[in-house]
$ cat input.cif   # mmCIF, C-alpha atoms and all ligand atoms
data_upload
#
loop_
_atom_site.label_atom_id
_atom_site.label_comp_id
_atom_site.auth_asym_id
_atom_site.auth_seq_id
_atom_site.Cartn_x
_atom_site.Cartn_y
_atom_site.Cartn_z
CA MET P 1 16.49 14.63 21.26
CA GLU P 2 19.26 13.37 18.99
CA PHE P 3 18.87 13.66 15.24
CA LYS P 4 20.97 11.63 12.87
CA GLU P 5 22.47 13.77 10.12
CA ASN P 6 22.96 12.80 6.47
CA PHE P 7 21.48 9.47 7.36
CA SER P 8 21.02 6.75 4.71
CA LEU P 9 17.38 5.79 4.10
CA LYS P 10 18.31 2.62 2.19
CA PRO P 11 17.06 0.28 4.95
CA PHE P 12 13.87 2.30 5.31
CA ASN P 13 12.42 2.03 1.81
CA THR P 14 11.52 -1.30 0.23
CA PHE P 15 12.90 -0.16 -3.14
CA GLY P 16 16.28 -0.07 -1.35
CA ILE P 17 17.19 3.31 -2.84
CA ASP P 18 20.31 4.76 -1.27
CA VAL P 19 19.42 8.38 -0.52
CA LYS P 20 20.20 10.44 2.56
CA ALA P 21 18.03 12.40 4.94
CA ARG P 22 19.47 15.73 6.11
CA TYR P 23 18.00 14.96 9.56
CA TYR P 24 16.45 11.70 10.73
CA ASN P 25 14.77 10.45 13.87
CA SER P 26 12.03 8.03 14.88
CA PHE P 27 9.16 8.35 17.34
CA GLU P 28 7.36 5.75 19.43
CA SER P 29 4.54 7.90 20.81
CA GLN P 30 2.58 11.06 20.14
CA SER P 31 4.62 12.93 22.74
CA GLU P 32 7.90 11.86 21.08
CA LEU P 33 6.48 13.01 17.74
CA GLU P 34 5.61 16.39 19.27
CA GLU P 35 9.04 16.68 20.84
CA ASN P 36 10.67 15.93 17.49
CA LEU P 37 8.56 18.50 15.70
CA GLN P 38 9.18 21.17 18.33
CA THR P 39 12.93 20.65 18.24
CA LYS P 40 13.56 20.39 14.55
CA ASN P 41 10.63 21.23 12.38
CA HIS P 42 11.24 24.97 12.04
CA GLY P 43 11.82 25.78 8.40
CA GLN P 44 12.49 22.17 7.43
CA SER P 45 10.55 20.18 4.91
CA LEU P 46 9.07 17.18 6.68
CA LEU P 47 8.55 13.59 5.62
CA ILE P 48 6.81 11.08 7.89
CA LEU P 49 7.95 7.61 6.98
CA GLY P 50 6.06 4.41 7.74
CA GLY P 51 7.24 1.08 6.38
CA GLY P 52 8.63 2.82 3.28
CA SER P 53 6.85 0.30 1.08
CA ASN P 54 5.06 2.72 -1.23
CA ILE P 55 7.66 5.38 -1.89
CA LEU P 56 10.28 5.99 -4.56
CA PHE P 57 13.05 8.37 -3.51
CA THR P 58 14.46 10.22 -6.52
CA GLY P 59 17.07 12.18 -4.55
CA ASP P 60 18.32 13.07 -1.08
CA VAL P 61 15.76 14.47 1.32
CA ASN P 62 16.89 17.94 2.26
CA GLY P 63 14.84 18.18 5.41
CA LEU P 64 13.59 16.17 8.33
CA VAL P 65 12.53 12.53 8.08
CA LEU P 66 10.64 11.09 11.04
CA LYS P 67 9.94 7.38 11.14
CA ASN P 68 6.72 6.31 12.78
CA ASP P 69 7.54 3.54 15.28
CA ILE P 70 4.36 3.65 17.37
CA ARG P 71 3.66 0.05 18.40
CA GLY P 72 1.01 -1.95 20.20
CA ILE P 73 -1.88 -4.23 19.21
CA ASP P 74 -4.78 -4.37 21.65
CA ILE P 75 -8.35 -5.59 21.69
CA ILE P 76 -10.29 -2.59 22.92
CA THR P 77 -13.86 -3.87 22.97
CA GLU P 78 -16.23 -6.38 21.41
CA ASP P 79 -19.92 -6.88 20.73
CA GLU P 80 -21.97 -9.81 19.52
CA HIS P 81 -20.44 -9.93 16.04
CA TYR P 82 -17.25 -7.89 16.12
CA VAL P 83 -13.98 -7.49 17.97
CA TYR P 84 -12.36 -4.04 17.80
CA VAL P 85 -8.58 -4.10 17.61
CA LYS P 86 -6.42 -1.01 17.84
CA ALA P 87 -2.94 -1.09 16.34
CA GLY P 88 -0.13 1.45 16.48
CA ALA P 89 0.62 2.98 13.08
CA GLY P 90 4.22 1.73 13.26
CA GLU P 91 3.24 -1.93 13.63
CA ASN P 92 4.17 -4.10 10.68
CA TRP P 93 1.01 -4.87 8.70
CA HIS P 94 1.58 -8.60 8.39
CA VAL P 95 2.34 -8.89 12.13
CA PHE P 96 -1.11 -7.38 12.68
CA VAL P 97 -2.66 -9.90 10.24
CA GLN P 98 -0.96 -12.74 12.12
CA TYR P 99 -2.34 -11.40 15.41
CA CYS P 100 -5.85 -11.54 13.91
CA LEU P 101 -5.31 -15.08 12.62
CA GLN P 102 -4.04 -16.24 16.02
CA HIS P 103 -7.09 -14.76 17.73
CA ASN P 104 -9.48 -16.12 15.07
CA LEU P 105 -10.54 -12.64 14.02
CA ALA P 106 -11.71 -12.53 10.43
CA GLY P 107 -11.46 -9.83 7.77
CA VAL P 108 -7.79 -9.28 6.96
CA GLU P 109 -6.77 -12.80 5.87
CA ASN P 110 -6.93 -11.81 2.17
CA LEU P 111 -4.56 -8.95 2.96
CA SER P 112 -1.78 -11.25 4.19
CA LEU P 113 1.84 -10.41 3.45
CA ILE P 114 1.27 -6.89 2.13
CA PRO P 115 4.51 -5.05 2.88
CA GLY P 116 4.37 -1.90 4.98
CA ASN P 117 2.94 -0.72 8.27
CA VAL P 118 -0.50 -0.32 9.81
CA GLY P 119 -0.40 3.47 9.31
CA ALA P 120 -0.27 3.10 5.54
CA SER P 121 -3.31 0.84 5.41
CA PRO P 122 -5.91 3.65 5.55
CA MET P 123 -3.65 6.14 3.80
CA GLN P 124 -3.98 4.29 0.50
CA ASN P 125 -6.84 1.94 1.37
CA ILE P 126 -4.63 -1.10 0.78
CA GLY P 127 -6.30 -3.96 -1.00
CA ALA P 128 -5.72 -7.41 -2.43
CA TYR P 129 -7.64 -10.48 -3.52
CA GLY P 130 -11.10 -8.94 -3.31
CA VAL P 131 -10.77 -7.11 0.03
CA GLU P 132 -9.85 -3.53 0.90
CA ILE P 133 -9.02 -1.98 4.26
CA LYS P 134 -12.22 0.03 4.20
CA ASP P 135 -14.10 -3.28 4.68
CA VAL P 136 -12.62 -3.73 8.18
CA PHE P 137 -11.86 -0.14 9.13
CA TYR P 138 -13.48 1.33 12.25
CA ASP P 139 -11.64 4.59 12.97
CA LEU P 140 -8.20 6.14 13.32
CA GLU P 141 -6.41 8.74 15.38
CA ALA P 142 -4.28 11.28 13.58
CA TYR P 143 -2.18 14.21 14.71
CA HIS P 144 -2.62 17.50 12.89
CA ILE P 145 0.89 18.89 12.45
CA LYS P 146 -0.02 22.59 12.24
CA GLU P 147 -2.83 22.62 14.78
CA GLU P 148 -0.82 20.38 17.14
CA LYS P 149 -3.77 18.26 18.19
CA CYS P 150 -5.36 14.87 17.61
CA PHE P 151 -8.45 14.08 15.58
CA THR P 152 -10.50 10.92 15.18
CA PHE P 153 -11.54 9.90 11.66
CA SER P 154 -14.49 7.58 11.11
CA LEU P 155 -15.01 5.42 8.03
CA ASN P 156 -16.91 8.18 6.22
CA ASP P 157 -14.39 10.86 7.17
CA CYS P 158 -11.61 8.96 5.37
CA GLU P 159 -13.27 9.13 1.92
CA PHE P 160 -11.82 5.80 0.85
CA GLY P 161 -11.53 5.00 -2.83
CA TYR P 162 -9.45 2.61 -4.93
CA ARG P 163 -5.95 2.98 -3.39
CA ASP P 164 -7.08 6.38 -2.18
CA SER P 165 -8.20 8.33 0.89
CA ILE P 166 -8.56 11.89 2.11
CA PHE P 167 -4.96 11.63 3.38
CA LYS P 168 -3.69 11.37 -0.20
CA LYS P 169 -5.88 14.24 -1.40
CA ARG P 170 -7.27 17.16 0.62
CA PHE P 171 -5.34 16.37 3.79
CA LYS P 172 -2.10 15.32 2.11
CA ASP P 173 0.93 15.90 4.37
CA GLN P 174 -1.20 17.49 7.09
CA PHE P 175 -1.70 14.59 9.48
CA VAL P 176 0.38 11.87 11.09
CA ILE P 177 -1.65 8.70 11.58
CA LEU P 178 -1.00 7.44 15.12
CA SER P 179 -3.21 4.37 15.40
CA VAL P 180 -5.93 2.53 13.51
CA THR P 181 -8.86 0.57 14.96
CA TYR P 182 -10.24 -2.26 12.87
CA CYS P 183 -13.45 -4.19 13.41
CA LEU P 184 -12.91 -7.88 12.82
CA ARG P 185 -15.61 -10.50 12.55
CA LYS P 186 -16.05 -13.30 15.05
CA GLN P 187 -17.79 -15.33 12.34
CA PRO P 188 -15.83 -15.14 9.09
CA ILE P 189 -17.26 -14.23 5.72
CA PHE P 190 -14.91 -15.92 3.27
CA HIS P 191 -13.82 -14.05 0.15
CA THR P 192 -12.54 -16.62 -2.28
CA GLN P 193 -14.13 -15.19 -5.43
CA TYR P 194 -10.76 -13.96 -6.67
CA GLY P 195 -9.96 -16.78 -9.10
CA ALA P 196 -6.44 -17.59 -8.03
CA ILE P 197 -7.52 -18.18 -4.41
CA GLU P 198 -10.00 -20.95 -5.28
CA GLN P 199 -7.38 -22.63 -7.43
CA GLU P 200 -4.72 -22.37 -4.73
CA LEU P 201 -7.06 -23.77 -2.04
CA VAL P 202 -7.72 -26.79 -4.26
CA GLN P 203 -4.00 -27.17 -4.86
CA MET P 204 -3.41 -27.05 -1.10
CA GLY P 205 -5.99 -29.80 -0.59
CA VAL P 206 -8.11 -27.65 1.72
CA ASN P 207 -11.56 -29.13 2.29
CA LYS P 208 -12.58 -27.08 5.32
CA LEU P 209 -12.33 -23.37 4.63
CA SER P 210 -10.78 -21.20 7.35
CA ILE P 211 -9.22 -17.75 7.56
CA GLN P 212 -5.87 -19.45 8.20
CA ALA P 213 -6.21 -21.47 4.96
CA ILE P 214 -7.13 -18.37 2.97
CA SER P 215 -4.18 -16.50 4.44
CA GLN P 216 -1.84 -19.34 3.43
CA ALA P 217 -3.33 -19.42 -0.08
CA VAL P 218 -2.75 -15.67 -0.44
CA ILE P 219 0.80 -16.03 0.88
CA ASN P 220 1.46 -18.80 -1.65
CA ILE P 221 0.11 -16.74 -4.54
CA ARG P 222 1.97 -13.60 -3.53
CA THR P 223 5.31 -15.35 -3.02
CA SER P 224 4.96 -17.13 -6.36
CA LYS P 225 4.78 -13.94 -8.42
CA LEU P 226 5.61 -10.90 -6.33
CA PRO P 227 9.28 -10.24 -5.54
CA ASP P 228 10.23 -10.21 -1.84
CA PRO P 229 11.44 -6.66 -1.11
CA ALA P 230 14.06 -8.11 1.26
CA VAL P 231 15.62 -9.79 -1.80
CA ILE P 232 14.74 -7.54 -4.76
CA GLY P 233 13.80 -3.93 -4.06
CA ASN P 234 10.25 -3.00 -5.07
CA ALA P 235 7.12 -1.24 -3.87
CA GLY P 236 4.44 -3.63 -5.11
CA SER P 237 2.27 -2.39 -7.95
CA PHE P 238 3.93 0.70 -9.37
CA PHE P 239 0.81 1.85 -11.24
CA LYS P 240 -2.91 1.70 -10.48
CA ASN P 241 -5.24 -0.36 -12.63
CA PRO P 242 -6.95 2.30 -14.79
CA SER P 243 -10.72 2.55 -15.21
CA ILE P 244 -12.23 3.44 -18.56
CA SER P 245 -15.76 4.09 -19.83
CA ASN P 246 -17.96 1.40 -21.32
CA GLU P 247 -17.58 2.94 -24.82
CA GLN P 248 -13.80 3.15 -24.51
CA PHE P 249 -13.77 -0.46 -23.35
CA SER P 250 -15.85 -1.66 -26.34
CA THR P 251 -13.48 0.06 -28.75
CA LEU P 252 -10.46 -1.39 -26.95
CA LYS P 253 -11.93 -4.89 -27.01
CA GLU P 254 -12.49 -4.68 -30.76
CA SER P 255 -8.78 -4.05 -31.34
CA PHE P 256 -7.54 -6.24 -28.46
CA PRO P 257 -10.04 -9.07 -27.83
CA ASN P 258 -7.86 -10.57 -25.06
CA VAL P 259 -7.81 -7.43 -22.93
CA VAL P 260 -8.05 -8.31 -19.20
CA ALA P 261 -10.77 -6.20 -17.57
CA TYR P 262 -13.20 -6.26 -14.65
CA PRO P 263 -16.53 -4.38 -14.54
CA ASN P 264 -16.82 -1.70 -11.83
CA ASN P 265 -20.17 -1.01 -10.12
CA ASP P 266 -20.68 2.25 -12.04
CA GLY P 267 -20.62 0.83 -15.59
CA THR P 268 -16.92 1.58 -16.15
CA PHE P 269 -14.25 -1.12 -16.56
CA LYS P 270 -11.04 -1.62 -14.64
CA ILE P 271 -8.25 -2.74 -16.94
CA ALA P 272 -5.35 -4.90 -15.69
CA ALA P 273 -2.41 -2.52 -16.03
CA GLY P 274 -0.05 -5.51 -15.82
CA TRP P 275 -1.60 -6.84 -19.02
CA LEU P 276 -1.26 -3.46 -20.81
CA ILE P 277 2.39 -3.21 -19.79
CA GLU P 278 3.14 -6.80 -20.77
CA GLN P 279 1.52 -6.24 -24.20
CA CYS P 280 3.88 -3.32 -24.74
CA GLY P 281 6.78 -5.73 -24.29
CA TRP P 282 8.07 -4.48 -20.92
CA LYS P 283 7.76 -7.63 -18.83
CA GLY P 284 11.25 -8.69 -17.72
CA VAL P 285 12.97 -5.70 -19.36
CA ARG P 286 16.02 -4.38 -17.50
CA ARG P 287 17.72 -1.01 -17.74
CA GLY P 288 20.83 -1.62 -15.66
CA ASP P 289 19.55 -2.33 -12.17
CA ALA P 290 16.09 -0.89 -12.85
CA GLY P 291 13.60 -3.39 -14.21
CA CYS P 292 10.08 -4.48 -14.93
CA HIS P 293 9.49 -7.71 -13.00
CA PRO P 294 9.52 -10.90 -15.14
CA LYS P 295 6.52 -12.41 -13.30
CA GLN P 296 4.33 -9.33 -12.76
CA ALA P 297 4.73 -6.44 -15.19
CA LEU P 298 2.97 -4.01 -12.83
CA VAL P 299 5.89 -4.23 -10.41
CA LEU P 300 9.08 -2.26 -11.04
CA VAL P 301 12.19 -3.51 -9.29
CA ASN P 302 15.65 -2.45 -8.15
CA TYR P 303 18.07 -5.30 -8.79
CA GLY P 304 20.70 -3.67 -6.58
CA ASN P 305 22.00 -0.19 -7.17
CA ALA P 306 19.38 1.50 -9.32
CA THR P 307 18.74 5.12 -8.48
CA GLY P 308 15.21 6.38 -7.95
CA LYS P 309 15.68 8.58 -11.01
CA LYS P 310 16.43 5.51 -13.17
CA ILE P 311 13.34 3.70 -11.92
CA TYR P 312 11.25 6.81 -12.44
CA ALA P 313 12.60 7.17 -16.00
CA LEU P 314 11.67 3.54 -16.72
CA SER P 315 8.17 4.16 -15.36
CA GLN P 316 7.88 7.19 -17.65
CA GLU P 317 8.88 5.13 -20.70
CA ILE P 318 6.30 2.47 -19.75
CA LEU P 319 3.61 5.07 -19.20
CA GLU P 320 4.27 6.66 -22.59
CA SER P 321 4.28 3.37 -24.49
CA VAL P 322 0.97 2.27 -22.90
CA GLN P 323 -0.51 5.65 -23.81
CA GLU P 324 0.73 5.27 -27.39
CA LYS P 325 -0.48 1.69 -27.92
CA PHE P 326 -3.78 1.77 -26.00
CA GLY P 327 -4.60 5.46 -25.53
CA ILE P 328 -4.74 4.87 -21.77
CA MET P 329 -2.80 7.06 -19.35
CA LEU P 330 -1.55 5.03 -16.38
CA GLU P 331 -1.33 6.65 -12.99
CA ARG P 332 1.51 5.88 -10.57
CA GLU P 333 0.42 4.25 -7.32
CA VAL P 334 3.77 4.73 -5.63
CA ASN P 335 4.52 8.10 -4.03
CA ILE P 336 7.41 9.86 -5.72
CA PHE P 337 9.61 11.88 -3.40
N1 LIG N 401 -1.54 -9.60 -15.93
C1 LIG N 401 -0.85 -9.81 -17.09
N2 LIG N 401 0.50 -9.63 -17.06
C2 LIG N 401 1.18 -9.28 -15.94
C3 LIG N 401 0.45 -9.05 -14.76
C4 LIG N 401 -0.92 -9.22 -14.77
O1 LIG N 401 -1.39 -10.13 -18.11
O2 LIG N 401 2.40 -9.14 -16.00
C5 LIG N 401 -3.01 -9.78 -15.96
C6 LIG N 401 -3.39 -11.26 -15.73
O3 LIG N 401 -4.47 -11.55 -16.56
C7 LIG N 401 -3.84 -11.28 -14.30
C8 LIG N 401 -4.43 -9.90 -14.13
O4 LIG N 401 -3.62 -9.04 -14.93
O5 LIG N 401 -4.78 -12.28 -14.07
C9 LIG N 401 -4.45 -9.40 -12.69
O6 LIG N 401 -3.16 -9.54 -12.13
P1 LIG N 401 -2.97 -9.74 -10.55
O7 LIG N 401 -3.92 -10.73 -10.02
O8 LIG N 401 -1.52 -9.96 -10.29
O9 LIG N 401 -3.44 -8.36 -9.94
P2 LIG N 401 -3.14 -6.87 -10.36
O10 LIG N 401 -4.41 -6.26 -10.85
O11 LIG N 401 -1.96 -6.77 -11.24
C10 LIG N 401 -3.85 -5.91 -8.05
C11 LIG N 401 -3.28 -5.02 -6.99
C12 LIG N 401 -2.26 -5.77 -6.18
C13 LIG N 401 -2.94 -6.98 -5.54
C14 LIG N 401 -3.52 -7.84 -6.63
C15 LIG N 401 -4.33 -8.99 -6.09
C16 LIG N 401 -3.39 -2.78 -7.93
C17 LIG N 401 -2.63 -1.64 -8.49
N3 LIG N 401 -2.67 -3.86 -7.61
O12 LIG N 401 -2.79 -6.23 -8.93
O13 LIG N 401 -1.82 -4.92 -5.13
O14 LIG N 401 -2.01 -7.73 -4.77
O15 LIG N 401 -4.42 -7.05 -7.44
O16 LIG N 401 -5.51 -8.52 -5.57
O17 LIG N 401 -4.60 -2.69 -7.77
C18 LIG N 401 -0.19 -3.27 -4.64
O18 LIG N 401 -1.10 -2.47 -4.58
O19 LIG N 401 1.01 -2.94 -4.42
C19 LIG N 401 -0.48 -4.65 -4.98
C20 LIG N 401 0.48 -5.57 -5.13
#
$ encode --input "input.cif" --output "structure tokens"
Amino acid sequence: MEFKENFSLKPFNTFGIDVKARYYNSFESQSELEENLQTKNHGQSLLILGGGSNILFTGDVNGLVLKNDIRGIDIITEDEHYVYVKAGAGENWHVFVQYCLQHNLAGVENLSLIPGNVGASPMQNIGAYGVEIKDVFYDLEAYHIKEEKCFTFSLNDCEFGYRDSIFKKRFKDQFVILSVTYCLRKQPIFHTQYGAIEQELVQMGVNKLSIQAISQAVINIRTSKLPDPAVIGNAGSFFKNPSISNEQFSTLKESFPNVVAYPNNDGTFKIAAGWLIEQCGWKGVRRGDAGCHPKQALVLVNYGNATGKKIYALSQEILESVQEKFGIMLEREVNIF
């Protein structure tokens, strides 16, 4: 078992932050993971890395970093309505989406082009354009680091919420997700209610709806306003969209009639954080190589050599100014390490 020492993590985080891991290795199976942990885990802090698309490194990692490279996409069973597909946690998410499109399996087309790996999808209940992973999730296998054994988590076990799951809360840092099984529909249910999708489909001249057309529409929308991490470092939305009470929303709307908000099921309102940030004048602002993206204010970017500390400091300034102007405290979506 060979560990790389003082190994640069720049290629392994989509922000492109140049920090070093004291020890680094990858694993392609549960047994390789176990071997890695047995050899090196004693007394080290441990970070399991997936696609690195939702993490901001603010300094070197003085411990062990293990990259999850467990691959494989397989249909495991099917019934009248569904096909159950199991994917290794280290598979690239969009590769999995493409597999589903090629096999005419519906449910993840709205989630096209989300950076990151399969393992992160349940971790933060990834979502976009009206669909969340919980809508297609069947179960997952995860390895408990301390107990050294595998557990299966059903939909209910995962306690999914908005960009949230049990793995970000009670079970944080306790499990390594090994594989995820999704249940995809043979007959699609199209989700085009998210305004921009309808518009894009019209623009594309689509007259017969298909999961492939929806996927292309989503890809077009995403590439038009979200920076490609391969070109400009970023981790997607840096903050969550905050929810506020009905009363708070009414007061806010009196002062800011143009506020962009969506009603939740429980009477609260979700406010577009991108709008709040833009109103505070941050859209397109640069602090050296750290910036707030000119086309989507919710996305912070690394134009080249920004440090994680600089990006974090910018996020703090943004957070404080939104709090001051609107009385709303934003919450970071990205994991800070
Ligand atoms: N808006 C602005 N200014 C901006 C950005 C947004 O005014 O700079 C307003 C616009 O009115 C826009 C609205 O906010 O119509 C919503 O913006 P958008 O459709 O871009 O979505 P979002 O709420 O900013 C969320 C997710 C994204 C996901 C999109 C599409 C979160 C934190 N983010 O962003 O997910 O792709 O919806 O469904 O919920 C991610 O999690 O990394 C991510 C990119």
$ axis_aligned_box --input "input.cif" --around "ligand LIG 401 (chain N)" --padding-each-side "3 Å" --output "lines of an AutoDock Vina configuration file"
center_x = -1.6
center_y = -7.0
center_z = -11.3
size_x = 13.9
size_y = 16.6
size_z = 19.7
$ residues_near_ligand --input "input.cif" --ligand "ligand LIG 401 (chain N)" --cutoff "9 Å" --atoms "all atoms listed in the file" --output "VMD selection string"
chain P and resid 53 to 54 110 to 111 114 to 115 124 126 to 131 162 to 163 194 to 196 218 222 225 to 226 235 to 242 259 to 261 270 to 279 282 to 283 293 to 299 332 to 334
$ closest_residue --input "input.cif" --among "P:Ser29, P:Ser224, P:Gln174, P:Ser8" --to "Gly59 of chain P" --atoms "all atoms listed in the file"
P:Ser8
$ closest_residue --input "input.cif" --among "P:Lys172, P:Lys146, P:Asn92, P:Asp289" --to "Thr307 of chain P" --atoms "only C-alpha atoms"
P:Asp289
$ atom_distance --input "input.cif" --atom1 "atom CA of Val285 of chain P" --atom2 "atom CA of Asn335 of chain P"
22.3 Å
$ residues_around --input "input.cif" --residues "Lys10 of chain P" --least-positions-apart "4" --cutoff "10 Å" --atoms "only C-alpha atoms" --output "PyMOL selection string"
chain P and resi 14-20+52+57
$ residues_around --input "input.cif" --residues "Phe3 of chain P" --least-positions-apart "3" --cutoff "7 Å" --atoms "all atoms listed in the file" --output "ChimeraX atom specification"
/P:23-25
$ closest_residue --input "input.cif" --among "P:Ala87, P:Leu300, P:Met204, P:Ile211" --to "Val108 of chain P" --atoms "all atoms listed in the file"
P:Ile211
$ residues_around --input "input.cif" --residues "Gln98 of chain P" --least-positions-apart "5" --cutoff "12 Å" --atoms "only C-alpha atoms" --output "VMD selection string"
chain P and resid 73 91 to 93 103 to 114 211 to 212 215 to 216 219
$ atom_distance --input "input.cif" --atom1 "atom CA of Ile70 of chain P" --atom2 "atom CA of Phe160 of chain P"
23.2 Å
$ residues_around --input "input.cif" --residues "Glu198 of chain P" --least-positions-apart "6" --cutoff "10 Å" --atoms "only C-alpha atoms" --output "CSV table (one decimal) with C-alpha atoms, in the frame of the given file"
chain,number,residue,atom,x,y,z
P,191,HIS,CA,-13.8,-14.0,0.2
P,192,THR,CA,-12.5,-16.6,-2.3
P,204,MET,CA,-3.4,-27.0,-1.1
P,206,VAL,CA,-8.1,-27.6,1.7
P,214,ILE,CA,-7.1,-18.4,3.0
P,217,ALA,CA,-3.3,-19.4,-0.1
$ atom_distance --input "input.cif" --atom1 "atom CA of Glu132 of chain P" --atom2 "atom CA of Glu331 of chain P"
19.2 Å
$ residues_around --input "input.cif" --residues "Arg71 of chain P" --least-positions-apart "2" --cutoff "12 Å" --atoms "all atoms listed in the file" --output "list in words"
Phe27, Glu28, Ser29, Gln30, Gly50, Asn68, Asp69, Ile73, Asp74, Lys86, Ala87, Gly88, Ala89, Gly90, Glu91, Asn92, Trp93, Val95, Phe96, Asn117, Val118, Gly119, Leu178, Ser179 and Val180 of chain P
$ closest_residue --input "input.cif" --among "P:Ser121, P:Ser315, P:Thr268, P:Asn36" --to "Leu140 of chain P" --atoms "all atoms listed in the file"
P:Ser121
$ closest_residue --input "input.cif" --among "P:Asn220, P:Glu247, P:Ala142, P:Pro188" --to "Gln203 of chain P" --atoms "all atoms listed in the file"
P:Asn220
